[in-house]
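Since the structure comes first, as structure tokens, the remarks are kept for the end.
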Amino acid sequence: MAQVLLEARGIRKVFPGTVALDNVSFELRQGEIHALMGENGAGKSTFLKIVTGALHPDQGEIFLNGKPVRLQSPVDARRMGVAIVHQELSLFPDISVMENILVGQAPSKMGFMRTRKMQEISRAYLERFHVNFSPTEIVKNLSVSQQQIVEIVKALVTDADVYIFDEPTSALSVEDAARLFDVLKDLKAQGKGIIYVSHKFDEIFRLSDRITVLRDGSLIGTVEAAKTDADEVIRMMVGRSLERIYPEKGTPSRQTLLKVDNLNAGSKCRNVSFDLRRGEILGVFGLVGSGRTEIMRALSGVEPRTSGDIFLDGEKVRIQTVQDAMSHGLYYLTEDRKEQGLFLKMSIRDNVAVTHLDALSKRGFLLRNRARELASTVMRDLRVKAKDDDQLVGSLSGGNQQKVMIGKWISRNPRVLILDEPTRGIDVGAKAEIHQLLRKLANDGIGVIVISSELPEIVGLSDRVLVVHNGTVAGVLDGSQLNDETIMEYASGLHSKAVAG
Ligand SMILES: Nc1ncnc2c1ncn2[C@@H]1O[C@H](COP(=O)(O)OP(=O)(O)OP(=O)(O)O)[C@@H](O)[C@H]1O
Ligand SMILES: [Mg+2]
């Protein structure tokens, strides 16, 4: 049997009000990709922080290569051959890519390392991801997905025995994810051990040898990937089987709620026209860089546009800013939680309250009880897993942060809700809940637009699909055209000429 590289026994970790981990044991072998799965808040990231020294366990032991260790800090873990890519980006924004990549390498080495050498090392790894930026680029000038690659490379340059990835692909394109998988397979072939966290079942079954499932901080079990399937893992994760993943489709009215006429904004949004019916979920699909996000941002007043008319219920409306959009009941939720005014250092209650400042502040007093009511409604409707509404949003698990963000905007009773990748990083159970919630909103007469790069989600959830290619509408599909192949054909521009004519 292969050697055990890392072992955790009986790990317990308590945060005020939450038992994040209770008696969790785990083992990683040489040459193994071991997936760690569980719903949002199950304790995955907490476990990884403990085995990399960023958090100290209240109980339990950790062994590296068979020897008990006491990890005082992440530096300790690194020195002992454990490298991690965290769920949240942790780069220094103001220094270069290569300096970020080589931070944390043995300082003696760093001292002597010439710029030329640093560039060489960084470039060798960055090339595996076919990046088009230089190692000398300043990190803050990179996109989120480029930063994610730097984050990954930063772990890869360390000569470790154990590599840990906490949801590494949530911000990567399909192509970059495939490149990462190649790297993982190489590491595996070299006999390294890999712990891999993801909510995406296709990745898990493609990559992993074993799967360990946590639920509510407890270890449910470890299974061999080849001897199980998604249904069983889901049952382990949520404690029940989810019979249907997508809610029933709606019966949208014929009435046009939103009409967009010849929208133009930069090169990624050209001559865009489409409409949205009352009670409809309109999916928006396009390959990375197609302009799907740019189009929705131009529509919602986030980015300026050069031309185009917007009609709501047949009436032309003026939307130049986000405030204009909100005053007409049109809300756009970005794919970036932090940009969307999710205040990590504030409580859930205050996060919900800030979206209701107009209604909540009477003569400068925030109506505390009303704020509490709103927050508990959001927490109940979206099943936010938290101690209470006082908990800081920054201390919630990633998926629960996402729920708070969606919930706080829904609580404003929108007419049109535009969501950019609303279920990214969200576990299967919560994802199904969010799908149901969106369907319910649509059935209540709201127009819902959902951008997603997951085809199954687009097909499963949408009444119609707007496909974007090269900054413009390649087609609006419905009925029997709502299938993977047809949508991909349109997204790759196969039918673009016919449409443009
Ligand atoms: N610093 C903290 N203070 C208080 N509670 C915390 C803190 N960090 C995590 N928690 C709580 O511990 C539990 C486990 O969180 P953790 O981040 O490990 O979940 P996760 O499985 O990684 O979820 P996700 O899939 O959403 O990333 C959650 O209930 C979370 O709210
Ligand atoms: Mg996590």
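To be explicit about the labels: the chains of the structure tokens are called A, B, and onward in the order shown, and within each one the residues are counted from 1, while ligands get numbers from 1 in the order they are shown.
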
For this session: Write out as a ChimeraX atom specification each polymer residue (protein, DNA or RNA) that has an atom no more than 7 Å from ligand 1, with only C-alpha atoms and all ligand atoms counted.
Result: /A:15-16,18-20,38-47,217,385-386,395-400,425-427

Just C-alpha atoms for this one: save the residues we selected as a compact mmCIF listing (two decimals), in the first residue's frame.
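Written file, again.txt:
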```
# COMPACT_ATOMS: atom_id res chain seq x y z
CA PHE A 15 -15.81 28.78 16.59
CA PRO A 16 -18.08 30.85 18.82
CA THR A 18 -20.36 26.74 15.63
CA VAL A 19 -18.73 23.35 15.86
CA ALA A 20 -16.91 23.61 12.54
CA GLY A 38 -19.52 18.72 1.54
CA GLU A 39 -22.18 21.38 1.47
CA ASN A 40 -21.38 25.03 2.05
CA GLY A 41 -20.29 25.41 5.63
CA ALA A 42 -19.55 21.71 6.08
CA GLY A 43 -16.04 22.53 7.32
CA LYS A 44 -13.84 21.84 4.29
CA SER A 45 -11.86 25.08 4.29
CA THR A 46 -11.54 24.97 8.07
CA PHE A 47 -10.05 21.49 7.84
CA GLY A 217 -18.43 19.36 10.62
CA LYS A 385 -26.23 28.63 7.63
CA ALA A 386 -25.12 31.01 10.37
CA SER A 395 -16.84 34.48 8.60
CA LEU A 396 -19.54 32.65 6.62
CA SER A 397 -18.58 29.91 4.23
CA GLY A 398 -18.28 30.98 0.60
CA GLY A 399 -21.62 29.58 -0.45
CA ASN A 400 -23.43 31.18 2.42
CA GLY A 425 -19.05 27.92 -5.62
CA ILE A 426 -22.38 26.75 -4.27
CA ASP A 427 -22.99 23.17 -3.22
```

For this session: From the DSSP assignment of the backbone, select every residue of segment 97-323 of chain A that is strand (DSSP E), and format the answer as a ChimeraX atom specification.
Result: /A:162-166,193-197,210-215,218-224,256-264,272-277,281-285,307-312,315-317

Output C-alpha atoms of each residue in that selection to a file, as a compact mmCIF listing (two decimals), in the first residue's frame.
```txt
# COMPACT_ATOMS: atom_id res chain seq x y z
CA VAL A 162 1.31 17.56 -0.50
CA TYR A 163 -0.61 20.06 -2.64
CA ILE A 164 -3.98 21.31 -1.54
CA PHE A 165 -6.51 23.07 -3.79
CA ASP A 166 -9.61 24.70 -2.29
CA GLY A 193 -0.47 13.73 -2.74
CA ILE A 194 -3.28 16.13 -3.65
CA ILE A 195 -6.30 17.23 -1.66
CA TYR A 196 -8.91 18.70 -3.95
CA VAL A 197 -12.03 20.61 -2.94
CA ARG A 210 -10.98 8.73 -3.17
CA ILE A 211 -13.67 11.07 -1.90
CA THR A 212 -14.16 12.11 1.71
CA VAL A 213 -17.45 13.72 2.65
CA LEU A 214 -18.07 16.10 5.53
CA ARG A 215 -21.48 17.16 6.73
CA SER A 218 -18.64 15.59 10.93
CA LEU A 219 -16.91 12.96 8.88
CA ILE A 220 -19.52 10.98 6.95
CA GLY A 221 -17.08 8.68 5.21
CA THR A 222 -14.38 8.07 2.64
CA VAL A 223 -15.23 6.19 -0.55
CA GLU A 224 -13.34 5.13 -3.64
CA THR A 256 -42.95 41.65 -22.72
CA LEU A 257 -41.54 42.98 -19.48
CA LEU A 258 -38.17 44.26 -20.66
CA LYS A 259 -37.20 45.22 -24.17
CA VAL A 260 -33.65 46.06 -25.13
CA ASP A 261 -33.18 47.79 -28.45
CA ASN A 262 -29.85 48.08 -30.23
CA LEU A 263 -27.59 48.41 -27.23
CA ASN A 264 -23.98 49.42 -27.90
CA VAL A 272 -27.75 43.94 -28.86
CA SER A 273 -31.53 43.56 -29.00
CA PHE A 274 -33.68 41.09 -27.10
CA ASP A 275 -36.69 40.93 -24.85
CA LEU A 276 -37.63 39.35 -21.56
CA ARG A 277 -41.15 38.22 -20.76
CA ILE A 281 -36.15 32.84 -16.75
CA LEU A 282 -33.90 33.85 -19.62
CA GLY A 283 -30.55 32.07 -19.56
CA VAL A 284 -27.54 33.85 -21.02
CA PHE A 285 -24.75 31.70 -22.36
CA SER A 307 -26.49 53.93 -27.71
CA GLY A 308 -29.56 51.83 -27.14
CA ASP A 309 -33.08 52.08 -25.73
CA ILE A 310 -34.56 50.18 -22.81
CA PHE A 311 -38.29 49.67 -22.30
CA LEU A 312 -39.97 48.35 -19.18
CA GLU A 315 -42.40 52.42 -21.44
CA LYS A 316 -39.03 53.83 -22.37
CA VAL A 317 -36.86 54.23 -19.27
```

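Each of A:Gly279, A:Gly239, A:Gly266, A:Gly394 was compared to Gly429 of chain A using only C-alpha atoms, and A:Gly239 turns out to be the nearest.
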
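For segment 1-13 of chain A, the non-local neighbours within 8 Å, defined as residues at least 3 positions apart in the same chain or in other chains and counting only C-alpha atoms, are Val19, Ala20, Leu21, Asp22, Asn23, Val24, Ser25, Phe26, Glu27, Leu28, Arg29, Gln30, Gly31, Val51, His56, Pro57, Asp58, Gln59, Gly60, Glu61, Ile62, Phe63, Leu64, Asn65, Gly66, Asp161, Val162 and Gly193 of chain A.
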
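Atom CA of Met236 of chain A is positioned 12.0 Å from atom CA of Leu36 of chain A.
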
Neighbours of segment 155-158 of chain A within 12 Å (only C-alpha atoms; same-chain residues fewer than 4 positions away dropped), as an mmCIF file with N, CA and C atoms, in the first residue's frame?
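In the end it all went to part.cif:
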```
data_model
loop_
_atom_site.group_PDB
_atom_site.id
_atom_site.type_symbol
_atom_site.label_atom_id
_atom_site.label_comp_id
_atom_site.auth_asym_id
_atom_site.auth_seq_id
_atom_site.Cartn_x
_atom_site.Cartn_y
_atom_site.Cartn_z
ATOM 1 N N VAL A 75 3.853 28.951 7.528
ATOM 2 C CA VAL A 75 5.265 28.844 7.154
ATOM 3 C C VAL A 75 5.805 27.475 7.564
ATOM 4 N N ALA A 77 4.070 24.707 7.852
ATOM 5 C CA ALA A 77 3.513 23.686 6.963
ATOM 6 C C ALA A 77 4.284 23.669 5.654
ATOM 7 N N ARG A 78 4.577 24.839 5.156
ATOM 8 C CA ARG A 78 5.325 24.947 3.914
ATOM 9 C C ARG A 78 6.677 24.296 4.023
ATOM 10 N N ARG A 79 7.349 24.591 5.146
ATOM 11 C CA ARG A 79 8.677 24.029 5.355
ATOM 12 C C ARG A 79 8.606 22.503 5.392
ATOM 13 N N MET A 80 7.480 21.995 5.875
ATOM 14 C CA MET A 80 7.354 20.544 5.971
ATOM 15 C C MET A 80 6.748 19.926 4.715
ATOM 16 N N GLY A 81 6.624 20.733 3.675
ATOM 17 C CA GLY A 81 6.236 20.145 2.396
ATOM 18 C C GLY A 81 4.748 20.127 2.109
ATOM 19 N N VAL A 82 3.997 21.087 2.674
ATOM 20 C CA VAL A 82 2.572 21.165 2.378
ATOM 21 C C VAL A 82 2.265 22.529 1.755
ATOM 22 N N ALA A 83 1.759 22.533 0.520
ATOM 23 C CA ALA A 83 1.452 23.787 -0.171
ATOM 24 C C ALA A 83 -0.048 23.875 -0.401
ATOM 25 N N ILE A 84 -0.596 25.067 -0.291
ATOM 26 C CA ILE A 84 -2.063 25.211 -0.451
ATOM 27 C C ILE A 84 -2.439 26.379 -1.342
ATOM 28 N N VAL A 85 -3.479 26.174 -2.136
ATOM 29 C CA VAL A 85 -4.121 27.263 -2.873
ATOM 30 C C VAL A 85 -5.450 27.513 -2.171
ATOM 31 N N HIS A 86 -5.562 28.654 -1.503
ATOM 32 C CA HIS A 86 -6.758 28.937 -0.725
ATOM 33 C C HIS A 86 -7.951 29.298 -1.600
ATOM 34 N N SER A 90 -5.237 35.469 -2.232
ATOM 35 C CA SER A 90 -4.442 36.009 -1.132
ATOM 36 C C SER A 90 -3.162 36.664 -1.635
ATOM 37 N N LEU A 91 -3.217 37.177 -2.862
ATOM 38 C CA LEU A 91 -2.007 37.780 -3.433
ATOM 39 C C LEU A 91 -1.838 39.208 -2.924
ATOM 40 N N MET A 98 5.773 37.786 -10.336
ATOM 41 C CA MET A 98 6.856 36.870 -9.927
ATOM 42 C C MET A 98 7.207 37.037 -8.462
ATOM 43 N N ASN A 100 5.083 37.774 -6.126
ATOM 44 C CA ASN A 100 4.034 37.042 -5.435
ATOM 45 C C ASN A 100 4.296 35.545 -5.476
ATOM 46 N N ILE A 101 4.693 35.073 -6.641
ATOM 47 C CA ILE A 101 4.905 33.637 -6.797
ATOM 48 C C ILE A 101 6.023 33.154 -5.893
ATOM 49 N N LEU A 102 7.053 33.984 -5.729
ATOM 50 C CA LEU A 102 8.223 33.512 -4.997
ATOM 51 C C LEU A 102 8.257 33.945 -3.535
ATOM 52 N N VAL A 103 7.232 34.718 -3.119
ATOM 53 C CA VAL A 103 7.108 35.053 -1.696
ATOM 54 C C VAL A 103 6.953 33.751 -0.925
ATOM 55 N N GLY A 104 7.618 33.661 0.214
ATOM 56 C CA GLY A 104 7.420 32.466 1.021
ATOM 57 C C GLY A 104 8.397 31.372 0.674
ATOM 58 N N GLN A 105 9.122 31.539 -0.407
ATOM 59 C CA GLN A 105 10.225 30.621 -0.666
ATOM 60 C C GLN A 105 11.297 30.934 0.372
ATOM 61 N N ALA A 106 12.171 29.997 0.610
ATOM 62 C CA ALA A 106 13.187 30.215 1.641
ATOM 63 C C ALA A 106 13.877 31.557 1.419
ATOM 64 N N MET A 118 14.188 34.907 -11.237
ATOM 65 C CA MET A 118 12.797 34.910 -10.796
ATOM 66 C C MET A 118 11.849 34.838 -11.991
ATOM 67 N N GLU A 120 12.521 33.640 -14.908
ATOM 68 C CA GLU A 120 12.644 32.344 -15.557
ATOM 69 C C GLU A 120 11.753 31.304 -14.871
ATOM 70 N N ILE A 121 11.899 31.249 -13.542
ATOM 71 C CA ILE A 121 11.133 30.254 -12.783
ATOM 72 C C ILE A 121 9.639 30.493 -12.967
ATOM 73 N N SER A 122 9.225 31.744 -12.798
ATOM 74 C CA SER A 122 7.793 32.052 -12.887
ATOM 75 C C SER A 122 7.265 31.725 -14.273
ATOM 76 N N ARG A 123 8.048 32.134 -15.275
ATOM 77 C CA ARG A 123 7.574 31.952 -16.642
ATOM 78 C C ARG A 123 7.380 30.468 -16.968
ATOM 79 N N ALA A 124 8.313 29.648 -16.500
ATOM 80 C CA ALA A 124 8.236 28.217 -16.801
ATOM 81 C C ALA A 124 6.893 27.638 -16.339
ATOM 82 N N TYR A 125 6.451 28.070 -15.167
ATOM 83 C CA TYR A 125 5.186 27.535 -14.658
ATOM 84 C C TYR A 125 3.982 28.219 -15.320
ATOM 85 N N LEU A 126 4.096 29.541 -15.519
ATOM 86 C CA LEU A 126 2.969 30.277 -16.109
ATOM 87 C C LEU A 126 2.677 29.784 -17.522
ATOM 88 N N ARG A 128 2.595 26.930 -18.638
ATOM 89 C CA ARG A 128 1.704 25.757 -18.662
ATOM 90 C C ARG A 128 0.241 26.188 -18.786
ATOM 91 N N GLN A 148 -6.093 33.972 -10.234
ATOM 92 C CA GLN A 148 -6.254 32.607 -9.744
ATOM 93 C C GLN A 148 -5.109 31.729 -10.270
ATOM 94 N N ILE A 149 -4.719 31.944 -11.507
ATOM 95 C CA ILE A 149 -3.607 31.163 -12.069
ATOM 96 C C ILE A 149 -2.314 31.461 -11.316
ATOM 97 N N VAL A 150 -2.085 32.750 -11.024
ATOM 98 C CA VAL A 150 -0.879 33.115 -10.271
ATOM 99 C C VAL A 150 -0.906 32.418 -8.904
ATOM 100 N N GLU A 151 -2.068 32.417 -8.311
ATOM 101 C CA GLU A 151 -2.236 31.767 -7.003
ATOM 102 C C GLU A 151 -1.855 30.284 -7.091
ATOM 103 N N VAL A 162 2.767 17.499 -0.547
ATOM 104 C CA VAL A 162 1.312 17.556 -0.505
ATOM 105 C C VAL A 162 0.859 18.892 -1.091
ATOM 106 N N TYR A 163 -0.051 18.833 -2.052
ATOM 107 C CA TYR A 163 -0.610 20.055 -2.636
ATOM 108 C C TYR A 163 -2.110 20.070 -2.377
ATOM 109 N N ILE A 164 -2.579 21.214 -1.907
ATOM 110 C CA ILE A 164 -3.984 21.307 -1.543
ATOM 111 C C ILE A 164 -4.645 22.404 -2.374
ATOM 112 N N PHE A 165 -5.789 22.096 -2.957
ATOM 113 C CA PHE A 165 -6.508 23.068 -3.794
ATOM 114 C C PHE A 165 -7.927 23.228 -3.269
ATOM 115 N N ASP A 166 -8.268 24.432 -2.814
ATOM 116 C CA ASP A 166 -9.609 24.700 -2.294
ATOM 117 C C ASP A 166 -10.416 25.433 -3.370
ATOM 118 N N PRO A 168 -10.235 25.476 -6.752
ATOM 119 C CA PRO A 168 -9.349 26.247 -7.629
ATOM 120 C C PRO A 168 -9.992 26.662 -8.945
ATOM 121 N N LEU A 180 -5.095 22.921 -15.655
ATOM 122 C CA LEU A 180 -4.822 22.586 -14.249
ATOM 123 C C LEU A 180 -4.916 21.073 -14.038
ATOM 124 N N VAL A 183 -1.822 19.415 -14.963
ATOM 125 C CA VAL A 183 -0.781 19.620 -13.952
ATOM 126 C C VAL A 183 -1.001 18.658 -12.775
ATOM 127 N N LEU A 184 -2.256 18.518 -12.365
ATOM 128 C CA LEU A 184 -2.557 17.635 -11.230
ATOM 129 C C LEU A 184 -2.169 16.197 -11.552
ATOM 130 N N ASP A 186 0.153 15.245 -13.563
ATOM 131 C CA ASP A 186 1.613 15.162 -13.495
ATOM 132 C C ASP A 186 2.089 14.995 -12.055
ATOM 133 N N LEU A 187 1.517 15.824 -11.167
ATOM 134 C CA LEU A 187 1.922 15.754 -9.760
ATOM 135 C C LEU A 187 1.648 14.367 -9.201
ATOM 136 N N LYS A 192 3.182 12.706 -5.741
ATOM 137 C CA LYS A 192 2.723 13.694 -4.763
ATOM 138 C C LYS A 192 1.311 13.340 -4.308
ATOM 139 N N ILE A 194 -2.501 14.925 -3.359
ATOM 140 C CA ILE A 194 -3.281 16.126 -3.646
ATOM 141 C C ILE A 194 -4.629 16.057 -2.934
#
```

Dump as CSV the rows for residues of segment 278-335 of chain A within 12 Å of segment 405-408 of chain A: closest atom pair and distance in Å with one decimal, only C-alpha atoms counted, ordered by chain and rising residue number.
```
residue,atom,partner,partner_atom,distance
A:Tyr331,CA,A:Ile406,CA,10.5
A:Tyr332,CA,A:Ile406,CA,10.2
A:Leu333,CA,A:Ile406,CA,7.5
A:Thr334,CA,A:Met405,CA,9.9
A:Glu335,CA,A:Met405,CA,10.5
```

Store the residues picked out above, limited to N, CA and C atoms, as a PDB file, in the first residue's frame.
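again33.pdb written:
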```pdb
ATOM      1  N   TYR A 331     -32.254  45.048 -11.074  1.00  0.00           N
ATOM      2  CA  TYR A 331     -31.068  44.802 -10.261  1.00  0.00           C
ATOM      3  C   TYR A 331     -30.105  43.863 -10.959  1.00  0.00           C
ATOM      4  N   TYR A 332     -28.849  44.209 -10.892  1.00  0.00           N
ATOM      5  CA  TYR A 332     -27.803  43.358 -11.469  1.00  0.00           C
ATOM      6  C   TYR A 332     -26.880  42.882 -10.354  1.00  0.00           C
ATOM      7  N   LEU A 333     -26.752  41.576 -10.211  1.00  0.00           N
ATOM      8  CA  LEU A 333     -25.853  41.014  -9.199  1.00  0.00           C
ATOM      9  C   LEU A 333     -24.595  40.510  -9.889  1.00  0.00           C
ATOM     10  N   THR A 334     -23.464  41.132  -9.589  1.00  0.00           N
ATOM     11  CA  THR A 334     -22.235  40.758 -10.295  1.00  0.00           C
ATOM     12  C   THR A 334     -21.748  39.393  -9.857  1.00  0.00           C
ATOM     13  N   GLU A 335     -20.784  38.896 -10.606  1.00  0.00           N
ATOM     14  CA  GLU A 335     -20.213  37.605 -10.256  1.00  0.00           C
ATOM     15  C   GLU A 335     -19.206  37.745  -9.125  1.00  0.00           C
TER      16      GLU A 335
END
```

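Note that atom CA of Asp313 of chain A and atom CA of Ser327 of chain A are 14.5 Å apart.
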